>>> print(open('run.csv').read())   # CSV, C-alpha atoms
chain,number,residue,atom,x,y,z
A,50,MET,CA,-32.6,-21.3,-54.0
A,51,SER,CA,-33.5,-17.6,-53.6
A,52,ARG,CA,-34.7,-15.5,-56.5
A,53,THR,CA,-31.2,-14.1,-56.9
A,54,ARG,CA,-29.1,-17.3,-56.8
A,55,THR,CA,-29.1,-17.8,-60.5
A,56,SER,CA,-25.8,-19.0,-62.0
A,57,LEU,CA,-23.6,-16.3,-63.6
A,58,ALA,CA,-23.7,-18.0,-66.9
A,59,ALA,CA,-27.5,-18.1,-67.1
A,60,SER,CA,-28.1,-14.3,-66.9
A,61,ALA,CA,-25.4,-12.8,-69.1
A,62,ALA,CA,-27.1,-10.4,-71.5
A,63,ALA,CA,-28.5,-7.8,-69.1
A,64,LEU,CA,-25.2,-6.1,-68.3
A,65,VAL,CA,-24.3,-5.4,-71.9
A,66,ALA,CA,-26.3,-2.3,-71.9
A,67,LEU,CA,-25.0,-1.3,-68.5
A,68,ALA,CA,-21.4,-1.6,-69.6
A,69,ALA,CA,-21.9,0.1,-72.9
A,70,ALA,CA,-23.5,3.1,-71.2
A,71,GLY,CA,-20.2,4.2,-69.7
A,72,CYS,CA,-17.9,3.1,-72.5
A,73,ALA,CA,-18.0,6.2,-74.7
A,74,PRO,CA,-14.7,8.1,-75.0
A,75,GLN,CA,-14.6,11.0,-72.6
A,76,PRO,CA,-13.2,14.6,-73.2
A,77,ASN,CA,-9.6,15.1,-72.3
A,78,SER,CA,-10.6,17.5,-69.6
A,79,THR,CA,-12.2,14.7,-67.5
A,80,PRO,CA,-10.2,12.7,-64.9
A,81,GLU,CA,-10.6,9.4,-66.7
A,82,ALA,CA,-8.8,10.8,-69.8
A,83,ALA,CA,-5.9,12.3,-67.8
A,84,GLY,CA,-2.7,12.0,-69.7
A,85,ALA,CA,-4.5,11.1,-73.0
A,86,LYS,CA,-3.1,14.1,-74.8
A,87,GLY,CA,0.1,13.8,-76.8
A,88,SER,CA,1.4,11.5,-79.5
A,89,ALA,CA,3.3,8.7,-77.6
A,90,ARG,CA,4.7,6.0,-79.8
A,91,CYS,CA,2.3,3.1,-79.2
A,92,THR,CA,4.9,0.3,-79.7
A,93,THR,CA,6.2,-2.5,-77.5
A,94,ASP,CA,9.5,-0.6,-77.1
A,95,ASN,CA,7.9,2.6,-75.9
A,96,PRO,CA,10.3,4.2,-73.3
A,97,SER,CA,7.4,4.8,-70.9
A,98,LEU,CA,6.9,1.1,-70.4
A,99,HIS,CA,8.0,-0.3,-67.0
A,100,GLU,CA,10.1,-2.8,-69.0
A,101,ARG,CA,10.6,-2.2,-72.7
A,102,GLY,CA,9.4,-5.1,-74.7
A,103,ARG,CA,7.1,-6.3,-72.0
A,104,LEU,CA,3.6,-5.2,-70.7
A,105,THR,CA,3.4,-5.3,-66.9
A,106,ILE,CA,-0.1,-5.5,-65.6
A,107,ALA,CA,-1.1,-5.4,-62.0
A,108,THR,CA,-4.1,-6.6,-59.9
A,109,ASP,CA,-4.8,-7.5,-56.4
A,110,SER,CA,-4.5,-11.0,-54.8
A,111,PRO,CA,-6.8,-12.9,-54.4
A,112,ALA,CA,-8.3,-12.0,-57.7
A,113,TYR,CA,-12.0,-12.7,-57.5
A,114,GLU,CA,-14.6,-14.0,-60.0
A,115,PRO,CA,-16.2,-12.9,-62.3
A,116,TRP,CA,-13.3,-10.5,-62.9
A,117,PHE,CA,-10.7,-13.3,-62.9
A,118,ASP,CA,-10.9,-17.1,-62.8
A,119,GLY,CA,-9.3,-19.4,-60.3
A,120,ASN,CA,-7.2,-16.5,-58.8
A,121,THR,CA,-5.0,-16.8,-61.9
A,122,PRO,CA,-5.0,-13.5,-63.9
A,123,SER,CA,-2.6,-14.9,-66.4
A,124,ASN,CA,-5.1,-17.5,-67.8
A,125,GLY,CA,-7.1,-15.0,-69.8
A,126,LYS,CA,-10.3,-16.0,-68.1
A,127,GLY,CA,-12.7,-13.7,-66.3
A,128,PHE,CA,-13.8,-10.3,-67.6
A,129,GLU,CA,-10.8,-8.2,-66.5
A,130,SER,CA,-8.2,-10.7,-67.5
A,131,ALA,CA,-9.8,-11.0,-70.9
A,132,VAL,CA,-9.9,-7.2,-71.2
A,133,ALA,CA,-6.3,-6.9,-70.2
A,134,TYR,CA,-5.2,-9.3,-72.9
A,135,ALA,CA,-7.4,-7.7,-75.5
A,136,VAL,CA,-5.7,-4.3,-74.7
A,137,ALA,CA,-2.3,-6.0,-74.8
A,138,GLU,CA,-3.0,-7.4,-78.2
A,139,LYS,CA,-4.1,-4.1,-79.6
A,140,LEU,CA,-0.9,-2.6,-78.3
A,141,GLY,CA,1.1,-5.3,-80.2
A,142,PHE,CA,2.1,-7.6,-77.3
A,143,GLU,CA,2.0,-11.3,-77.6
A,144,ARG,CA,0.7,-13.3,-74.6
A,145,GLY,CA,4.2,-14.3,-73.6
A,146,GLN,CA,5.2,-10.6,-73.4
A,147,VAL,CA,2.6,-9.9,-70.7
A,148,LYS,CA,3.7,-10.0,-67.1
A,149,TRP,CA,1.3,-10.0,-64.1
A,150,VAL,CA,2.3,-8.5,-60.7
A,151,VAL,CA,0.4,-8.1,-57.5
A,152,GLU,CA,-0.6,-4.6,-56.3
A,153,PRO,CA,-3.0,-4.3,-53.3
A,154,PHE,CA,-6.1,-2.3,-54.2
A,155,SER,CA,-5.6,0.5,-51.7
A,156,HIS,CA,-1.9,1.0,-52.8
A,157,SER,CA,-2.7,1.2,-56.5
A,158,TYR,CA,-3.7,4.9,-56.6
A,159,ALA,CA,-1.3,6.1,-53.9
A,160,PRO,CA,1.2,8.7,-55.0
A,161,GLY,CA,4.6,7.6,-56.1
A,162,ALA,CA,6.4,5.4,-58.6
A,163,LYS,CA,4.6,2.2,-59.9
A,164,SER,CA,6.0,-1.2,-60.8
A,165,PHE,CA,3.5,-1.7,-63.6
A,166,ASP,CA,2.2,-0.2,-66.8
A,167,PHE,CA,-1.4,-0.4,-65.8
A,168,ASP,CA,-3.5,-1.9,-63.0
A,169,ILE,CA,-6.9,-3.5,-63.7
A,170,ASN,CA,-8.9,-4.2,-60.5
A,171,GLN,CA,-12.4,-2.7,-60.6
A,172,ILE,CA,-10.8,0.7,-59.8
A,173,SER,CA,-13.4,3.5,-59.9
A,174,ILE,CA,-12.4,6.7,-61.7
A,175,THR,CA,-12.6,9.6,-59.2
A,176,PRO,CA,-11.2,13.1,-59.3
A,177,GLN,CA,-9.4,12.6,-56.0
A,178,ARG,CA,-7.6,9.5,-57.2
A,179,ALA,CA,-6.8,11.1,-60.6
A,180,LYS,CA,-4.6,13.7,-58.7
A,181,ALA,CA,-2.0,10.9,-58.1
A,182,VAL,CA,-2.4,8.6,-61.1
A,183,ASP,CA,-3.7,8.5,-64.7
A,184,PHE,CA,-6.9,6.8,-65.7
A,185,SER,CA,-7.8,5.4,-69.0
A,186,THR,CA,-11.2,6.0,-70.5
A,187,SER,CA,-13.8,3.7,-68.9
A,188,TYR,CA,-14.0,0.0,-69.9
A,189,TYR,CA,-17.0,-0.8,-67.6
A,190,THR,CA,-19.8,0.9,-65.7
A,191,ALA,CA,-21.3,-0.7,-62.6
A,192,SER,CA,-24.1,-0.1,-60.1
A,193,GLN,CA,-23.6,-0.7,-56.4
A,194,ALA,CA,-25.7,-3.6,-55.0
A,195,VAL,CA,-26.8,-4.9,-51.6
A,196,LEU,CA,-26.4,-8.5,-50.6
A,197,ALA,CA,-28.0,-9.9,-47.4
A,198,LEU,CA,-28.9,-13.4,-46.2
A,199,ASP,CA,-32.2,-15.0,-47.1
A,200,GLY,CA,-34.5,-14.6,-44.1
A,201,SER,CA,-32.9,-11.5,-42.8
A,202,ARG,CA,-35.2,-8.6,-42.1
A,203,PHE,CA,-33.2,-6.5,-44.5
A,204,ALA,CA,-33.4,-9.1,-47.4
A,205,LYS,CA,-36.8,-7.8,-48.4
A,206,ALA,CA,-35.9,-4.1,-48.3
A,207,THR,CA,-37.5,-2.2,-51.2
A,208,SER,CA,-35.8,1.1,-50.5
A,209,LEU,CA,-32.5,2.5,-49.4
A,210,SER,CA,-34.2,4.0,-46.3
A,211,ALA,CA,-35.3,0.5,-45.2
A,212,LEU,CA,-31.6,-0.3,-44.9
A,213,LYS,CA,-30.8,2.6,-42.5
A,214,ASP,CA,-30.5,0.4,-39.4
A,215,ALA,CA,-28.5,-2.3,-41.1
A,216,ARG,CA,-25.0,-3.1,-40.2
A,217,ILE,CA,-23.3,-2.8,-43.6
A,218,GLY,CA,-19.9,-4.1,-44.6
A,219,VAL,CA,-17.7,-2.7,-47.4
A,220,GLN,CA,-14.2,-3.4,-48.6
A,221,VAL,CA,-11.5,-1.0,-47.5
A,222,ALA,CA,-10.6,1.9,-49.9
A,223,THR,CA,-13.5,1.2,-52.2
A,224,THR,CA,-16.1,3.7,-53.4
A,225,SER,CA,-18.8,1.5,-51.9
A,226,TYR,CA,-18.0,3.1,-48.5
A,227,GLN,CA,-18.9,6.6,-49.7
A,228,ALA,CA,-21.9,5.3,-51.7
A,229,VAL,CA,-23.3,3.8,-48.5
A,230,LEU,CA,-22.8,7.0,-46.6
A,231,ASP,CA,-24.3,9.2,-49.3
A,232,GLN,CA,-27.2,7.1,-50.5
A,233,ILE,CA,-28.2,4.7,-47.7
A,234,LYS,CA,-27.2,7.1,-44.9
A,235,PRO,CA,-27.0,4.3,-42.3
A,236,ALA,CA,-27.5,4.9,-38.6
A,237,LYS,CA,-24.3,3.0,-37.9
A,238,GLN,CA,-21.0,3.6,-39.6
A,239,PRO,CA,-20.2,0.9,-42.3
A,240,ARG,CA,-17.8,-1.8,-41.1
A,241,VAL,CA,-14.7,-1.9,-43.3
A,242,PHE,CA,-13.0,-5.2,-44.2
A,243,SER,CA,-9.7,-5.9,-45.9
A,244,THR,CA,-11.0,-8.4,-48.4
A,245,THR,CA,-14.3,-9.6,-49.9
A,246,LYS,CA,-13.7,-13.0,-48.2
A,247,ASP,CA,-13.7,-11.2,-44.8
A,248,GLU,CA,-17.0,-9.5,-45.7
A,249,VAL,CA,-18.6,-12.8,-46.5
A,250,THR,CA,-17.3,-14.4,-43.3
A,251,ALA,CA,-18.7,-11.5,-41.3
A,252,LEU,CA,-22.1,-11.8,-43.0
A,253,ARG,CA,-22.3,-15.6,-42.4
A,254,ASN,CA,-21.3,-15.0,-38.7
A,255,GLY,CA,-24.0,-12.3,-38.1
A,256,GLN,CA,-21.4,-9.6,-37.6
A,257,ILE,CA,-23.0,-7.5,-40.4
A,258,ASP,CA,-26.4,-7.5,-42.0
A,259,ALA,CA,-25.5,-6.8,-45.5
A,260,ILE,CA,-22.6,-6.3,-48.0
A,261,VAL,CA,-22.4,-3.4,-50.5
A,262,THR,CA,-20.2,-3.8,-53.5
A,263,ASP,CA,-20.5,-3.7,-57.3
A,264,LEU,CA,-23.3,-5.7,-58.9
A,265,PRO,CA,-21.3,-8.4,-60.8
A,266,THR,CA,-19.4,-9.2,-57.6
A,267,VAL,CA,-22.6,-9.5,-55.6
A,268,PHE,CA,-24.0,-11.9,-58.2
A,269,TYR,CA,-20.9,-14.1,-57.8
A,270,LEU,CA,-21.1,-14.0,-54.0
A,271,ALA,CA,-24.8,-14.9,-54.0
A,272,GLY,CA,-24.3,-17.7,-56.5
A,273,ALA,CA,-21.0,-19.2,-55.5
A,274,GLU,CA,-20.0,-18.2,-52.0
A,275,LEU,CA,-23.2,-18.3,-50.1
A,276,ASP,CA,-25.9,-20.9,-49.9
A,277,ASN,CA,-28.5,-18.4,-48.7
A,278,GLY,CA,-27.5,-15.2,-50.3
A,279,GLU,CA,-30.2,-12.7,-51.4
A,280,ILE,CA,-29.5,-9.8,-53.7
A,281,VAL,CA,-31.7,-7.0,-52.2
A,282,GLY,CA,-31.3,-4.5,-55.1
A,283,GLN,CA,-29.0,-2.1,-56.8
A,284,PHE,CA,-28.4,1.6,-56.7
A,285,GLY,CA,-26.3,4.4,-58.2
A,286,TYR,CA,-24.9,7.7,-56.9
A,287,ALA,CA,-26.6,11.0,-56.3
A,288,GLY,CA,-27.9,12.5,-59.5
A,289,GLY,CA,-27.6,9.2,-61.3
A,290,THR,CA,-23.8,9.5,-61.8
A,291,PRO,CA,-22.5,6.2,-63.0
A,292,GLU,CA,-19.5,4.5,-61.4
A,293,LYS,CA,-16.9,3.9,-64.1
A,294,PHE,CA,-13.9,1.5,-63.9
A,295,GLY,CA,-10.7,2.5,-65.6
A,296,LEU,CA,-7.2,1.1,-66.2
A,297,LEU,CA,-4.9,2.9,-63.7
A,298,LEU,CA,-1.5,4.1,-64.9
A,299,PRO,CA,1.4,6.0,-63.3
A,300,LYS,CA,0.8,9.7,-63.2
A,301,ASN,CA,1.6,11.5,-66.5
A,302,SER,CA,2.5,8.1,-68.1
A,303,GLY,CA,3.5,8.4,-71.7
A,304,TYR,CA,1.5,5.3,-72.4
A,305,THR,CA,-1.9,6.5,-71.3
A,306,SER,CA,-2.9,7.7,-74.8
A,307,CYS,CA,-1.8,4.4,-76.2
A,308,VAL,CA,-4.1,2.5,-73.8
A,309,ASN,CA,-7.0,4.8,-74.6
A,310,GLN,CA,-6.4,4.2,-78.3
A,311,ALA,CA,-6.6,0.4,-77.6
A,312,LEU,CA,-9.8,0.7,-75.6
A,313,ASP,CA,-11.3,2.9,-78.3
A,314,GLU,CA,-10.7,0.2,-80.9
A,315,LEU,CA,-12.1,-2.5,-78.6
A,316,ARG,CA,-15.3,-0.5,-78.2
A,317,THR,CA,-15.6,0.1,-81.9
A,318,ASP,CA,-15.0,-3.5,-83.0
A,319,GLY,CA,-17.4,-4.8,-80.4
A,320,THR,CA,-14.9,-6.7,-78.3
A,321,LEU,CA,-15.8,-4.9,-75.0
A,322,ALA,CA,-19.5,-5.7,-75.5
A,323,ARG,CA,-18.7,-9.3,-76.4
A,324,LEU,CA,-16.5,-9.8,-73.3
A,325,THR,CA,-19.1,-8.3,-71.1
A,326,THR,CA,-21.7,-10.8,-72.4
A,327,GLN,CA,-19.2,-13.7,-72.0
A,328,TRP,CA,-18.0,-13.0,-68.5
A,329,LEU,CA,-20.4,-10.8,-66.6
A,330,SER,CA,-24.1,-11.4,-65.9
A,331,ALA,CA,-27.0,-9.8,-64.1
A,332,SER,CA,-30.7,-10.5,-63.7
A,333,ALA,CA,-32.9,-8.0,-65.5
A,334,ASP,CA,-35.3,-8.0,-62.6
A,335,VAL,CA,-32.9,-6.8,-59.9
A,336,PRO,CA,-34.8,-4.0,-58.4
A,337,GLU,CA,-33.5,-0.4,-58.2
A,338,LEU,CA,-33.4,0.8,-54.6
A,339,LYS,CA,-34.4,4.4,-54.1
A,340,ARG,CA,-34.9,6.5,-51.0
>>> encode(input="run.csv", output="structure tokens")
Amino acid sequence: MSRTRTSLAASAAALVALAAAGCAPQPNSTPEAAGAKGSARCTTDNPSLHERGRLTIATDSPAYEPWFDGNTPSNGKGFESAVAYAVAEKLGFERGQVKWVVEPFSHSYAPGAKSFDFDINQISITPQRAKAVDFSTSYYTASQAVLALDGSRFAKATSLSALKDARIGVQVATTSYQAVLDQIKPAKQPRVFSTTKDEVTALRNGQIDAIVTDLPTVFYLAGAELDNGEIVGQFGYAGGTPEKFGLLLPKNSGYTSCVNQALDELRTDGTLARLTTQWLSASADVPELKR
């Protein structure tokens, strides 16, 4: 087993600090707090709800570990499922009042009406996306990471420049694409895949040399999906700007401030840190890749 193929459960504590770094409430002027102003009634019969008396939560399908478990968001297992139910509880909803719906990742932040109250799907908060939707304050901060096959000439790369000639795969409509262009600056354009499963298949078949996605997902792929996966390292964005995940809501939703209030309480009472420890993991010795 390679140095990175440690089980998710065995390396849990290291991401607590990573997650906590991006969890502080943000000023209302920032994209992630869009819609947070106002005094919406944070009750289960709020008129802004997609269905009054019910909390409708969206995510993509398949829903991958460690964010979800068994492709079943409604079981409360996996980091994002657990966070979603914790938010629901703070908002006054019982588990039976929560309804899950499928929303493809790339559709979630498109302009227009939504069939959910919020979407939770590792959606990075960006100014461009915030033009069409609301974002909550951040519930998780993640680094990008590089996954290759053990024995590949890129598996032992110690810098981003060493990956310049690699054929890199990313998932469609994710911030990983831009991170690769800005930080790795590859000689070849990244190949874009519809799903993580497609990326893994391409890596196995030698169609690409490496996958770039968020660090927890890379750990899952290296430990559970590949027999010879090697985590090359992790990297951030220019200037050290962290990538923050937020709950996505319809633009100008009257419920955004309520969701932010719930997340604030989950930070204060330690729930977010506890769920991070429980469901996400990373190895403290994953190297940082710089140019």
>>> residues_around(input="run.csv", residues="Ile260 of chain A", least_positions_apart="3", cutoff="10 Å", atoms="only C-alpha atoms", output="VMD selection string")
chain A and resid 194 to 198 215 to 220 225 239 to 240 245 248 to 249 251 to 252 257 263 267 270 280
>>> closest_residue(input="run.csv", among="A:Thr121, A:Gln171, A:Thr108, A:Thr305", to="Phe184 of chain A", atoms="all atoms listed in the file")
A:Thr305
>>> closest_residue(input="run.csv", among="A:Ala137, A:Ala191, A:Val151, A:Ile174", to="Cys307 of chain A", atoms="only C-alpha atoms")
A:Ala137
>>> residues_near_point(input="run.csv", point="(9.2, -2.2, -66.6)", cutoff="12 Å", atoms="all atoms listed in the file", output="list in words")
Thr93, Asp94, Asn95, Pro96, Ser97, Leu98, His99, Glu100, Arg101, Gly102, Arg103, Leu104, Thr105, Ile106, Ala107, Gln146, Val147, Lys148, Trp149, Val150, Ala162, Lys163, Ser164, Phe165, Asp166, Phe167 and Pro299 of chain A
>>> residues_near_point(input="run.csv", point="(-12.0, -13.9, -63.5)", cutoff="7 Å", atoms="all atoms listed in the file", output="MDAnalysis selection string")
chainID A and resid 113:119 126:130
>>> atom_distance(input="run.csv", atom1="atom CA of Thr207 of chain A", atom2="atom CA of Leu329 of chain A")
24.6 Å
>>> closest_residue(input="run.csv", among="A:Val132, A:Ala222, A:Val182, A:Leu297", to="Thr244 of chain A", atoms="all atoms listed in the file")
A:Ala222
>>> atom_distance(input="run.csv", atom1="atom CA of Val136 of chain A", atom2="atom CA of Leu312 of chain A")
6.5 Å
>>> closest_residue(input="run.csv", among="A:Asp231, A:Glu292, A:Asp183, A:Glu152", to="Tyr304 of chain A", atoms="all atoms listed in the file")
A:Asp183
>>> atom_distance(input="run.csv", atom1="atom CA of Phe203 of chain A", atom2="atom CA of Val281 of chain A")
7.9 Å
>>> residues_around(input="run.csv", residues="Leu212 of chain A", least_positions_apart="6", cutoff="12 Å", atoms="all atoms listed in the file", output="ChimeraX atom specification")
/A:195-197,201-206,229-230,232-237,239,258-261,281-282,338-340
>>> write_last_selection(input="run.csv", atoms="C-alpha atoms", output="PDB file, in the frame of the given file")
ATOM      1  CA  VAL A 195     -26.800  -4.900 -51.600  1.00  0.00           C
ATOM      2  CA  LEU A 196     -26.400  -8.500 -50.600  1.00  0.00           C
ATOM      3  CA  ALA A 197     -28.000  -9.900 -47.400  1.00  0.00           C
ATOM      4  CA  SER A 201     -32.900 -11.500 -42.800  1.00  0.00           C
ATOM      5  CA  ARG A 202     -35.200  -8.600 -42.100  1.00  0.00           C
ATOM      6  CA  PHE A 203     -33.200  -6.500 -44.500  1.00  0.00           C
ATOM      7  CA  ALA A 204     -33.400  -9.100 -47.400  1.00  0.00           C
ATOM      8  CA  LYS A 205     -36.800  -7.800 -48.400  1.00  0.00           C
ATOM      9  CA  ALA A 206     -35.900  -4.100 -48.300  1.00  0.00           C
ATOM     10  CA  VAL A 229     -23.300   3.800 -48.500  1.00  0.00           C
ATOM     11  CA  LEU A 230     -22.800   7.000 -46.600  1.00  0.00           C
ATOM     12  CA  GLN A 232     -27.200   7.100 -50.500  1.00  0.00           C
ATOM     13  CA  ILE A 233     -28.200   4.700 -47.700  1.00  0.00           C
ATOM     14  CA  LYS A 234     -27.200   7.100 -44.900  1.00  0.00           C
ATOM     15  CA  PRO A 235     -27.000   4.300 -42.300  1.00  0.00           C
ATOM     16  CA  ALA A 236     -27.500   4.900 -38.600  1.00  0.00           C
ATOM     17  CA  LYS A 237     -24.300   3.000 -37.900  1.00  0.00           C
ATOM     18  CA  PRO A 239     -20.200   0.900 -42.300  1.00  0.00           C
ATOM     19  CA  ASP A 258     -26.400  -7.500 -42.000  1.00  0.00           C
ATOM     20  CA  ALA A 259     -25.500  -6.800 -45.500  1.00  0.00           C
ATOM     21  CA  ILE A 260     -22.600  -6.300 -48.000  1.00  0.00           C
ATOM     22  CA  VAL A 261     -22.400  -3.400 -50.500  1.00  0.00           C
ATOM     23  CA  VAL A 281     -31.700  -7.000 -52.200  1.00  0.00           C
ATOM     24  CA  GLY A 282     -31.300  -4.500 -55.100  1.00  0.00           C
ATOM     25  CA  LEU A 338     -33.400   0.800 -54.600  1.00  0.00           C
ATOM     26  CA  LYS A 339     -34.400   4.400 -54.100  1.00  0.00           C
ATOM     27  CA  ARG A 340     -34.900   6.500 -51.000  1.00  0.00           C
TER      28      ARG A 340
END
